[in-house]
file run17.txt (compact mmCIF, C-alpha atoms)
# COMPACT_ATOMS: atom_id res chain seq x y z
CA MET Y 5 -2.17 24.40 35.70
CA LYS Y 6 -0.83 27.58 37.22
CA THR Y 7 2.69 27.11 38.56
CA LYS Y 8 3.82 28.34 41.94
CA ARG Y 9 5.18 31.87 41.93
CA GLU Y 10 7.89 33.32 44.06
CA ILE Y 11 6.40 34.99 47.15
CA LYS Y 12 6.94 38.74 46.97
CA PHE Y 13 4.61 39.91 49.73
CA SER Y 14 4.30 37.39 52.53
CA ILE Y 15 1.39 37.57 54.96
CA PHE Y 16 3.86 38.30 57.77
CA LEU Y 17 5.25 41.29 55.87
CA LYS Y 18 1.74 42.58 55.14
CA LEU Y 19 0.84 42.34 58.83
CA ILE Y 20 4.01 44.16 59.89
CA ILE Y 21 3.31 46.98 57.41
CA LEU Y 22 -0.32 47.16 58.56
CA ILE Y 23 0.71 47.36 62.25
CA ILE Y 24 3.23 50.13 61.49
CA ILE Y 25 0.70 52.15 59.47
CA PHE Y 26 -2.01 51.70 62.10
CA THR Y 27 0.36 52.72 64.93
CA VAL Y 28 1.50 55.84 63.03
CA LEU Y 29 -2.08 56.84 62.24
CA VAL Y 30 -3.18 56.39 65.87
CA ASN Y 31 -0.29 58.48 67.20
CA VAL Y 32 -0.67 61.21 64.57
CA SER Y 33 -4.43 61.39 65.09
CA ILE Y 34 -4.27 61.58 68.88
CA GLY Y 35 -1.40 64.08 68.71
CA PHE Y 36 -3.34 66.25 66.27
CA ILE Y 37 -6.49 66.19 68.42
CA LEU Y 38 -4.60 67.01 71.63
CA ARG Y 39 -2.64 69.76 69.93
CA ARG Y 40 -5.80 71.37 68.55
CA SER Y 41 -7.48 71.11 71.94
CA PHE Y 42 -4.47 72.65 73.66
CA ASP Y 43 -4.26 75.46 71.12
CA ARG Y 44 -7.91 76.30 71.64
CA ALA Y 45 -7.67 76.12 75.42
CA HIS Y 46 -4.32 77.76 75.89
CA MET Y 47 -3.70 80.71 73.58
CA ARG Y 48 -0.56 81.84 75.40
CA PRO Y 49 0.13 85.58 75.04
CA PRO Y 50 3.67 86.84 74.32
CA ALA Y 51 6.19 87.01 77.22
CA SER Y 52 6.08 90.84 77.36
CA HIS Y 53 2.29 90.72 77.76
CA MET Y 54 2.62 88.10 80.50
CA ILE Y 55 5.03 90.33 82.43
CA LYS Y 56 2.58 93.26 82.20
CA MET Y 57 -0.29 91.00 83.25
CA HIS Y 58 1.60 89.75 86.30
CA GLN Y 59 2.53 93.30 87.26
CA TYR Y 60 -1.08 94.46 86.83
CA ILE Y 61 -2.37 91.62 89.03
CA LEU Y 62 0.30 92.35 91.64
CA ASN Y 63 -0.59 96.08 91.72
CA ASP Y 64 -4.30 95.31 91.86
CA ILE Y 65 -4.27 92.94 94.81
CA GLY Y 66 -1.58 94.86 96.68
CA ASN Y 67 1.03 93.78 99.20
CA PRO Y 68 0.02 92.41 101.62
CA PRO Y 69 -2.58 90.91 99.24
CA ASP Y 70 -6.29 91.54 99.38
CA THR Y 71 -7.26 87.85 99.38
CA VAL Y 72 -10.88 88.42 98.34
CA LYS Y 73 -9.85 90.50 95.33
CA ALA Y 74 -7.00 88.04 94.60
CA ASP Y 75 -9.41 85.06 94.50
CA GLN Y 76 -11.72 86.92 92.15
CA ILE Y 77 -8.94 87.99 89.76
CA LEU Y 78 -7.18 84.62 89.75
CA LYS Y 79 -10.46 82.83 89.05
CA ASP Y 80 -10.78 84.83 85.82
CA VAL Y 81 -7.17 84.48 84.65
CA LYS Y 82 -6.66 80.90 85.90
CA PHE Y 83 -3.36 81.74 87.62
CA ASP Y 84 -2.14 80.60 91.03
CA ILE Y 85 -0.07 82.86 93.32
CA ARG Y 86 2.09 82.41 96.37
CA PHE Y 87 3.20 85.43 98.44
CA GLU Y 88 6.26 85.02 100.66
CA THR Y 89 7.15 88.45 102.11
CA SER Y 90 8.07 89.72 105.52
CA SER Y 91 4.58 91.13 105.96
CA SER Y 92 2.52 88.22 104.63
CA LYS Y 93 2.54 84.58 103.57
CA TRP Y 94 -0.44 83.58 101.41
CA THR Y 95 -1.15 81.21 98.53
CA SER Y 96 -4.13 80.51 96.31
CA ASN Y 97 -3.05 76.86 96.02
CA ILE Y 98 -1.28 75.01 98.81
CA ASP Y 99 0.27 72.62 96.23
CA LEU Y 100 2.45 75.40 94.80
CA PRO Y 101 6.16 74.99 95.55
CA THR Y 102 7.72 77.36 98.11
CA ILE Y 103 10.35 79.92 97.21
CA GLU Y 104 12.97 77.77 98.92
CA GLU Y 105 12.08 74.83 96.66
CA LEU Y 106 12.32 76.99 93.54
CA LYS Y 107 15.58 78.55 94.66
CA ASN Y 108 17.11 75.08 94.57
CA ARG Y 109 16.38 74.86 90.83
CA ARG Y 110 19.30 75.40 88.53
CA GLU Y 111 17.47 78.10 86.51
CA PHE Y 112 17.00 80.36 89.57
CA ASP Y 113 19.20 83.45 89.70
CA ASP Y 114 18.75 85.58 92.82
CA THR Y 115 20.45 88.55 91.18
CA LYS Y 116 17.53 88.91 88.74
CA SER Y 117 14.28 90.63 89.54
CA SER Y 118 12.32 87.99 87.63
CA ASN Y 119 12.98 84.25 86.99
CA ILE Y 120 11.14 81.76 84.78
CA ILE Y 121 11.35 78.22 86.19
CA ARG Y 122 9.76 75.02 84.82
CA SER Y 123 8.91 72.42 87.44
CA GLY Y 124 6.98 69.33 86.45
CA ARG Y 125 4.24 70.28 84.00
CA ARG Y 126 3.94 73.92 85.14
CA LEU Y 127 5.79 77.13 84.41
CA TYR Y 128 6.53 79.43 87.37
CA ARG Y 129 7.49 83.14 87.33
CA VAL Y 130 9.28 84.32 90.48
CA ILE Y 131 9.23 88.11 90.99
CA LYS Y 132 11.57 89.60 93.55
CA LEU Y 133 10.02 92.24 95.81
CA ASP Y 134 11.62 94.57 98.34
CA ASP Y 135 10.58 92.40 101.27
CA GLY Y 136 10.28 88.97 99.68
CA TYR Y 137 9.01 87.11 96.65
CA VAL Y 138 5.79 86.41 94.76
CA ILE Y 139 5.33 83.31 92.60
CA PHE Y 140 2.96 83.22 89.61
CA ALA Y 141 2.03 79.72 88.38
CA GLN Y 142 0.55 79.26 84.91
CA PRO Y 143 -1.81 76.26 84.43
CA SER Y 144 -0.27 73.20 82.72
CA PRO Y 145 -1.38 72.53 79.14
CA ILE Y 146 -2.92 69.22 80.20
CA GLU Y 147 -5.04 70.90 82.84
CA GLU Y 148 -6.38 73.37 80.28
CA ILE Y 149 -7.56 70.71 77.85
CA ASP Y 150 -11.31 70.13 77.85
CA ILE Y 151 -11.54 66.32 78.15
CA GLU Y 152 -15.13 66.22 76.92
CA SER Y 153 -14.15 68.00 73.73
CA VAL Y 154 -11.35 65.43 73.18
CA ILE Y 155 -13.25 62.20 73.85
CA PHE Y 156 -15.70 62.47 70.95
CA PRO Y 157 -13.06 63.10 68.21
CA VAL Y 158 -10.91 60.28 69.67
CA ILE Y 159 -13.87 57.88 69.49
CA ILE Y 160 -14.56 58.91 65.88
CA ILE Y 161 -10.90 58.52 64.90
CA PHE Y 162 -10.59 55.11 66.59
CA SER Y 163 -13.83 53.89 65.00
CA VAL Y 164 -12.63 54.90 61.52
CA LEU Y 165 -9.20 53.34 62.10
CA ALA Y 166 -10.77 50.14 63.50
CA PHE Y 167 -12.99 49.89 60.41
CA LEU Y 168 -9.98 50.41 58.12
CA LEU Y 169 -8.07 47.76 60.11
CA TYR Y 170 -10.98 45.33 59.71
CA ILE Y 171 -11.11 45.95 55.94
CA SER Y 172 -7.35 45.46 55.69
CA LEU Y 173 -7.37 42.22 57.69
CA ARG Y 174 -10.29 40.95 55.64
CA TRP Y 175 -8.34 41.72 52.48
CA ILE Y 176 -5.27 39.86 53.80
CA PHE Y 177 -7.10 36.83 55.20
CA GLY Y 178 -10.08 36.83 52.81
CA PRO Y 179 -8.56 34.03 50.69
CA ILE Y 180 -8.71 31.70 53.73
CA LYS Y 181 -12.50 31.50 53.28
CA LYS Y 182 -12.03 30.52 49.62
CA LEU Y 183 -9.45 27.94 50.68
CA SER Y 184 -11.79 26.49 53.29
CA GLU Y 185 -14.71 26.26 50.85
CA GLY Y 186 -12.48 24.76 48.15
CA VAL Y 187 -11.02 22.12 50.49
CA LYS Y 188 -14.54 21.25 51.68
CA LYS Y 189 -15.65 20.67 48.06
CA ILE Y 190 -12.60 18.54 47.31
CA SER Y 191 -13.03 16.50 50.50
CA SER Y 192 -16.68 15.87 49.58
CA GLY Y 193 -15.52 14.31 46.29
CA ASP Y 194 -15.59 17.19 43.83
CA LEU Y 195 -12.04 16.66 42.55
CA ASP Y 196 -12.69 18.86 39.52
CA SER Y 197 -13.16 21.89 41.79
CA ARG Y 198 -10.37 24.48 41.69
CA ILE Y 199 -9.47 27.16 44.23
CA GLU Y 200 -8.83 30.61 42.78
CA VAL Y 201 -6.75 32.78 45.13
CA LYS Y 202 -4.86 35.90 44.05
CA GLY Y 203 -2.35 37.66 46.24
CA ASN Y 204 1.17 36.55 45.40
CA ASP Y 205 1.68 35.26 48.95
CA GLU Y 206 1.65 32.01 50.96
CA LEU Y 207 -2.12 31.60 50.57
CA GLU Y 208 -1.92 31.71 46.78
CA ASN Y 209 0.88 29.14 46.87
CA LEU Y 210 -1.19 26.97 49.22
CA ALA Y 211 -4.18 27.18 46.84
CA THR Y 212 -1.91 26.20 43.93
CA SER Y 213 -0.58 23.22 45.92
CA ILE Y 214 -4.11 22.08 46.84
CA ASN Y 215 -5.18 22.33 43.18
CA GLU Y 216 -2.15 20.27 42.12
CA MET Y 217 -2.93 17.72 44.84
CA SER Y 218 -6.54 17.51 43.62
CA VAL Y 219 -5.36 16.86 40.05
CA ASN Y 220 -2.91 14.19 41.26
CA ILE Y 221 -5.52 12.44 43.41
CA SER Y 222 -8.02 12.53 40.55
CA GLY Y 223 -5.41 11.01 38.26
CA MET Y 224 -4.55 8.27 40.75
CA LEU Y 225 -8.23 7.42 41.28
CA LYS Y 226 -8.80 7.21 37.53
CA ALA Y 227 -5.70 5.05 37.14
CA LYS Y 228 -6.92 2.81 39.98
CA GLU Y 229 -10.38 2.56 38.42
CA THR Y 230 -8.91 1.76 35.01
CA LEU Y 231 -6.67 -0.93 36.50
CA LEU Y 232 -9.53 -2.45 38.49
CA ILE Y 233 -11.87 -2.50 35.49
CA ASP Y 234 -9.17 -3.90 33.22
CA VAL Y 235 -8.19 -6.63 35.69
CA SER Y 236 -11.86 -7.51 36.28
CA HIS Y 237 -12.42 -7.71 32.54
CA GLU Y 238 -9.34 -9.87 32.07
CA LEU Y 239 -10.52 -12.18 34.85
CA ARG Y 240 -14.04 -12.47 33.47
CA SER Y 241 -12.81 -13.58 30.05
CA PRO Y 242 -11.05 -16.78 31.24
CA LEU Y 243 -13.93 -17.44 33.65
CA THR Y 244 -16.33 -17.33 30.71
CA ARG Y 245 -14.12 -19.80 28.85
CA ILE Y 246 -13.98 -22.05 31.93
CA LYS Y 247 -17.78 -21.98 32.18
CA LEU Y 248 -18.04 -22.89 28.50
CA ALA Y 249 -15.48 -25.69 28.77
CA ASN Y 250 -17.17 -26.97 31.92
CA GLU Y 251 -20.29 -27.77 29.93
CA PHE Y 252 -18.33 -30.51 28.17
CA VAL Y 253 -17.21 -32.14 31.42
CA GLU Y 254 -19.04 -35.44 31.82
CA GLU Y 255 -18.39 -36.05 35.53
CA GLU Y 256 -21.32 -34.29 37.22
CA LYS Y 257 -19.57 -33.85 40.58
CA ILE Y 258 -16.51 -32.22 39.01
CA LYS Y 259 -18.77 -30.12 36.81
CA LYS Y 260 -20.71 -28.89 39.84
CA ASN Y 261 -17.54 -28.03 41.80
CA ILE Y 262 -16.10 -26.06 38.89
CA ARG Y 263 -19.39 -24.19 38.40
CA GLU Y 264 -19.50 -23.25 42.11
CA ASP Y 265 -15.88 -22.04 42.05
CA VAL Y 266 -16.54 -19.90 38.97
CA ILE Y 267 -19.65 -18.40 40.59
CA GLU Y 268 -17.59 -17.58 43.71
CA MET Y 269 -14.91 -15.87 41.64
CA GLU Y 270 -17.50 -13.85 39.71
CA SER Y 271 -19.14 -12.88 42.99
CA MET Y 272 -15.79 -11.75 44.39
CA ILE Y 273 -15.05 -9.66 41.28
CA SER Y 274 -18.50 -8.04 41.47
CA GLY Y 275 -17.99 -7.39 45.18
CA MET Y 276 -14.61 -5.75 44.58
CA LEU Y 277 -16.06 -3.49 41.89
CA GLU Y 278 -19.01 -2.58 44.10
CA THR Y 279 -16.66 -1.84 47.01
CA TYR Y 280 -14.57 0.45 44.82
CA ARG Y 281 -17.63 2.33 43.58
CA ALA Y 282 -18.91 2.72 47.15
CA GLU Y 283 -15.64 4.11 48.51
CA ASN Y 284 -14.83 6.27 45.48
CA THR Y 285 -15.05 9.80 46.91
CA GLY Y 286 -15.91 11.19 43.50
CA GLN Y 287 -19.23 9.36 43.56
CA LYS Y 288 -22.01 11.31 45.27
CA PRO Y 289 -25.31 9.78 46.44
CA ASP Y 290 -28.34 10.64 44.31
CA LEU Y 291 -30.53 11.85 47.17
CA LYS Y 292 -34.30 11.59 46.80
CA LYS Y 293 -37.22 11.65 49.21
CA THR Y 294 -37.92 7.92 49.58
CA ASP Y 295 -40.34 5.98 51.76
CA ILE Y 296 -38.14 3.55 53.72
CA VAL Y 297 -41.05 1.20 54.55
CA PRO Y 298 -41.76 -0.15 51.00
CA LEU Y 299 -38.01 -0.06 50.25
CA LEU Y 300 -37.30 -2.51 53.10
CA LYS Y 301 -40.28 -4.68 52.13
CA ASN Y 302 -38.85 -4.86 48.61
CA VAL Y 303 -35.42 -5.92 49.97
CA ILE Y 304 -37.02 -8.64 52.13
CA SER Y 305 -39.08 -9.96 49.19
CA LYS Y 306 -35.87 -10.80 47.30
CA PHE Y 307 -34.88 -13.37 49.95
CA SER Y 308 -36.26 -16.87 49.94
CA TYR Y 309 -35.67 -17.07 53.69
CA ASP Y 310 -39.13 -17.36 55.29
CA LYS Y 311 -38.24 -16.51 58.91
CA ILE Y 312 -38.00 -12.75 58.52
CA ASP Y 313 -40.40 -10.79 60.71
CA PHE Y 314 -40.92 -7.15 59.60
CA GLN Y 315 -42.63 -4.48 61.69
CA SER Y 316 -42.79 -0.69 61.46
CA LYS Y 317 -43.90 2.01 63.84
CA PHE Y 318 -44.81 4.14 60.81
CA GLU Y 319 -47.04 3.39 57.85
CA LYS Y 320 -45.01 5.85 55.80
CA ARG Y 321 -41.56 7.24 56.61
CA GLU Y 322 -39.82 9.42 54.02
CA LEU Y 323 -36.05 9.94 54.16
CA LEU Y 324 -33.69 11.92 51.93
CA ILE Y 325 -31.56 9.01 50.67
CA ASP Y 326 -30.14 7.39 47.56
CA PRO Y 327 -32.67 4.50 47.27
CA ASP Y 328 -30.43 2.26 45.16
CA LYS Y 329 -27.48 2.53 47.53
CA ILE Y 330 -29.57 2.17 50.69
CA GLU Y 331 -31.25 -0.87 49.17
CA THR Y 332 -27.80 -2.35 48.52
CA ALA Y 333 -26.77 -1.62 52.11
CA PHE Y 334 -29.84 -3.31 53.63
CA ARG Y 335 -29.57 -6.21 51.22
CA ASN Y 336 -26.00 -6.83 52.42
CA ILE Y 337 -26.98 -6.50 56.11
CA LEU Y 338 -29.89 -8.88 55.68
CA ASP Y 339 -27.77 -11.28 53.62
CA ASN Y 340 -25.23 -11.32 56.46
CA ALA Y 341 -28.00 -11.95 59.02
CA VAL Y 342 -29.40 -14.85 56.97
CA LYS Y 343 -25.93 -16.44 56.60
CA TYR Y 344 -25.28 -16.48 60.34
CA SER Y 345 -28.85 -16.93 61.65
CA GLU Y 346 -28.51 -20.75 61.68
CA ASN Y 347 -32.08 -21.09 60.44
CA LYS Y 348 -33.51 -18.98 63.30
CA SER Y 349 -35.81 -15.99 63.02
CA ILE Y 350 -34.68 -12.52 61.92
CA GLU Y 351 -36.49 -9.40 63.13
CA ILE Y 352 -36.57 -6.06 61.29
CA PHE Y 353 -38.17 -3.06 62.96
CA ILE Y 354 -38.50 0.60 61.96
CA SER Y 355 -38.77 3.03 64.88
CA GLY Y 356 -37.75 6.60 65.80
CA ASN Y 357 -39.23 9.85 67.01
CA GLU Y 358 -41.89 11.86 65.24
CA SER Y 359 -39.51 14.54 63.97
CA ASP Y 360 -36.04 13.78 62.65
CA GLU Y 361 -34.72 10.40 63.82
CA THR Y 362 -35.41 7.08 62.08
CA VAL Y 363 -33.96 3.81 63.40
CA VAL Y 364 -33.89 0.56 61.42
CA THR Y 365 -33.06 -2.48 63.59
CA VAL Y 366 -32.03 -5.83 62.08
CA LYS Y 367 -31.71 -8.57 64.69
CA ASP Y 368 -30.82 -12.24 64.26
CA HIS Y 369 -30.53 -15.06 66.82
CA GLY Y 370 -27.57 -16.82 65.25
CA ARG Y 371 -24.00 -17.50 66.28
CA GLY Y 372 -23.16 -13.91 67.22
CA ILE Y 373 -19.87 -12.00 67.15
CA GLY Y 374 -17.16 -11.68 69.80
CA GLN Y 375 -16.76 -8.22 71.35
CA GLU Y 376 -13.17 -7.93 70.07
CA GLU Y 377 -14.31 -8.52 66.48
CA ILE Y 378 -17.20 -6.04 66.27
CA SER Y 379 -14.89 -3.15 65.36
CA LYS Y 380 -13.35 -5.18 62.51
CA ILE Y 381 -16.40 -6.47 60.67
CA PHE Y 382 -16.57 -3.40 58.40
CA GLU Y 383 -13.02 -3.97 57.11
CA PRO Y 384 -12.79 -5.28 53.52
CA PHE Y 385 -12.24 -9.07 53.28
CA TYR Y 386 -12.65 -9.55 57.03
CA ARG Y 387 -14.69 -12.59 58.01
CA VAL Y 388 -15.73 -13.67 61.49
CA ASP Y 389 -15.73 -17.27 60.26
CA LYS Y 390 -11.97 -17.98 60.18
CA SER Y 391 -12.55 -21.52 58.91
CA ARG Y 392 -13.91 -20.18 55.59
CA ASP Y 393 -16.81 -22.59 55.79
CA LYS Y 394 -18.07 -23.27 52.24
CA LYS Y 395 -21.64 -23.23 53.54
CA ILE Y 396 -21.19 -19.54 54.34
CA THR Y 397 -20.37 -17.81 51.08
CA GLY Y 398 -18.81 -14.40 50.64
CA TYR Y 399 -15.46 -12.65 50.97
CA GLY Y 400 -16.11 -10.14 53.70
CA LEU Y 401 -16.94 -7.27 51.34
CA GLY Y 402 -20.66 -6.85 52.08
CA LEU Y 403 -20.39 -4.95 55.38
CA SER Y 404 -17.49 -2.88 54.02
CA ILE Y 405 -19.85 -1.66 51.28
CA VAL Y 406 -22.55 -1.03 53.91
CA LYS Y 407 -20.18 1.20 55.92
CA LYS Y 408 -19.25 3.28 52.87
CA ILE Y 409 -22.90 3.78 51.86
CA LEU Y 410 -24.04 4.71 55.37
CA ASP Y 411 -21.13 7.14 55.73
CA MET Y 412 -22.26 8.83 52.50
CA HIS Y 413 -25.66 9.38 54.12
CA LYS Y 414 -24.15 10.44 57.47
CA ALA Y 415 -26.09 7.61 59.11
CA LYS Y 416 -24.92 6.16 62.42
CA THR Y 417 -24.44 2.42 62.98
CA GLU Y 418 -24.64 0.66 66.35
CA ILE Y 419 -23.91 -3.05 66.78
CA THR Y 420 -24.53 -5.25 69.82
CA SER Y 421 -23.75 -8.95 69.78
CA LYS Y 422 -23.11 -11.93 72.04
CA PRO Y 423 -21.63 -15.24 70.86
CA GLY Y 424 -24.35 -17.88 70.73
CA GLU Y 425 -27.17 -15.35 71.16
CA GLY Y 426 -27.15 -13.31 67.94
CA THR Y 427 -26.38 -9.85 66.57
CA GLU Y 428 -28.36 -6.61 66.38
CA PHE Y 429 -27.67 -3.84 63.84
CA ARG Y 430 -29.18 -0.40 64.52
CA ILE Y 431 -28.97 2.09 61.63
CA ILE Y 432 -29.90 5.63 62.68
CA PHE Y 433 -30.86 8.22 60.04
CA ILE Y 434 -31.09 11.89 61.04
CA SER Y 435 -33.32 13.96 58.75

call {"tool": "encode", "arguments": {"input": "run17.txt", "output": "structure tokens"}}
result
Amino acid sequence: MKTKREIKFSIFLKLIILIIIFTVLVNVSIGFILRRSFDRAHMRPPASHMIKMHQYILNDIGNPPDTVKADQILKDVKFDIRFETSSSKWTSNIDLPTIEELKNRREFDDTKSSNIIRSGRRLYRVIKLDDGYVIFAQPSPIEEIDIESVIFPVIIIFSVLAFLLYISLRWIFGPIKKLSEGVKKISSGDLDSRIEVKGNDELENLATSINEMSVNISGMLKAKETLLIDVSHELRSPLTRIKLANEFVEEEKIKKNIREDVIEMESMISGMLETYRAENTGQKPDLKKTDIVPLLKNVISKFSYDKIDFQSKFEKRELLIDPDKIETAFRNILDNAVKYSENKSIEIFISGNESDETVVTVKDHGRGIGQEEISKIFEPFYRVDKSRDKKITGYGLGLSIVKKILDMHKAKTEITSKPGEGTEFRIIFIS
């Protein structure tokens, strides 16, 4: 058995690392795309060239400005201009700050003929004229970016990163699926199943713990089975000797009483063993397609009770069941009905829909069961008859075995009963 290892890389640490890597990749990718887009859209010329360009534009449109020519030139160069001179006040964009607003900036120096001022996202060049000022505004980098050219690369990058994130999360949490499948096998009774999880984290330790638990449970069940078989064997040996010695008893009444007591003890031992086998999770039903109609007829034929009325909606009704176990279950139900029927009729009826539901109803008209006791009748050793009437044999194990068998087959049981009127069992099989 593999021992637990010290956790070196916990799931929490893996997730933190994954989040950090993913965040860095997203930021780097978006930054790279925006930078490339900006570089393509805004190839800024050197400062000396910008000065010459501004001067050329200023000379070309004149002062006062020729607004038609100014609009045409500015449309090509993507600049905005504001004139504030004694002879004219004109702007290509009313949102541009005024000269008074820019003068309030710390970078403005009125002794210079030209000032570069950054305000918000834009860069402004203020040129001092003889009779006023002219402001050139360069477009902001964000405004120059072509959004359509950015969206597609961003979608591609995010899709790739999302796929990588999915692969990473699947790698981290992939063992959970193995754990779930392994636990399902163990819970269904396959105690020899082992869960193989590699990762040196909490999930591997959990798998190791579940495997150790499975081994321990298997060992306890085997020890319980060994003890039960050994005790049963040890009890049968003295019972056999008592039966042998009883043959030499001359008093017939005493002989009969001893024989009945021995038979009861043997019946109880057999019932205990059968109960253990039924509830042992390691035992799986041997499922076969079986016609329930002849199976029930066979069960009824083993009873000498002649007041059993059998009817079936179907001539043939095949179910996927373990025939031996289901026969045992119906034998115990019918045996219980006969015991408490008080020599009245018992009705058995097979019904259901044409597709997947089959209902077997066993109804007697005997003493019935109190409502508060219906939920307890499937408990081992529970008997409705508290007086332990010798005429009604048994130790309350029959219906406990029935419950275990029907649970194996995922069949549903419904019970209705009224004291003095009888009891009705409805067993519902879903194909």

call {"tool": "atom_distance", "arguments": {"input": "run17.txt", "atom1": "atom CA of Leu173 of chain Y", "atom2": "atom CA of Lys18 of chain Y"}}
result
9.5 Å

call {"tool": "atom_distance", "arguments": {"input": "run17.txt", "atom1": "atom CA of Ser305 of chain Y", "atom2": "atom CA of Thr365 of chain Y"}}
result
17.3 Å

call {"tool": "residues_around", "arguments": {"input": "run17.txt", "residues": "Tyr309 of chain Y", "least_positions_apart": "5", "cutoff": "9 Å", "atoms": "all atoms listed in the file", "output": "number ranges by chain"}}
result
Y: 304, 342, 347

call {"tool": "atom_distance", "arguments": {"input": "run17.txt", "atom1": "atom CA of Phe26 of chain Y", "atom2": "atom CA of Lys202 of chain Y"}}
result
24.2 Å

call {"tool": "closest_atom_pairs", "arguments": {"input": "run17.txt", "of": "segment 308-334 of chain Y", "to": "segment 403-406 of chain Y", "cutoff": "10 Å", "atoms": "only C-alpha atoms", "output": "JSON lines"}}
result
{"residue": "Y:Lys329", "atom": "CA", "partner": "Y:Val406", "partner_atom": "CA", "distance": 8.8}
{"residue": "Y:Ile330", "atom": "CA", "partner": "Y:Val406", "partner_atom": "CA", "distance": 8.4}
{"residue": "Y:Glu331", "atom": "CA", "partner": "Y:Val406", "partner_atom": "CA", "distance": 9.9}
{"residue": "Y:Thr332", "atom": "CA", "partner": "Y:Val406", "partner_atom": "CA", "distance": 7.6}
{"residue": "Y:Ala333", "atom": "CA", "partner": "Y:Val406", "partner_atom": "CA", "distance": 4.6}
{"residue": "Y:Phe334", "atom": "CA", "partner": "Y:Val406", "partner_atom": "CA", "distance": 7.6}

call {"tool": "residues_near_point", "arguments": {"input": "run17.txt", "point": "(-11.9, 16.9, 45.2)", "cutoff": "7 Å", "atoms": "only C-alpha atoms", "output": "list of chain:residue names"}}
result
Y:Lys189, Y:Ile190, Y:Ser191, Y:Ser192, Y:Gly193, Y:Asp194, Y:Leu195, Y:Asp196, Y:Ser197, Y:Ser218

call {"tool": "residues_near_point", "arguments": {"input": "run17.txt", "point": "(-3.2, 78.3, 98.5)", "cutoff": "12 Å", "atoms": "all atoms listed in the file", "output": "list in words"}}
result
Thr71, Ala74, Asp75, Leu78, Phe83, Asp84, Ile85, Arg86, Phe87, Glu88, Lys93, Trp94, Thr95, Ser96, Asn97, Ile98, Asp99, Leu100, Pro101, Thr102, Ile139, Phe140 and Ala141 of chain Y

call {"tool": "residues_around", "arguments": {"input": "run17.txt", "residues": "segment 348-356 of chain Y", "least_positions_apart": "3", "cutoff": "7 Å", "atoms": "only C-alpha atoms", "output": "list in words"}}
result
Lys311, Ile312, Asp313, Phe314, Gln315, Ser316, Lys317, Ser345, Glu361, Thr362, Val363, Val364, Thr365, Val366, Lys367, Asp368, His369 and Gly370 of chain Y
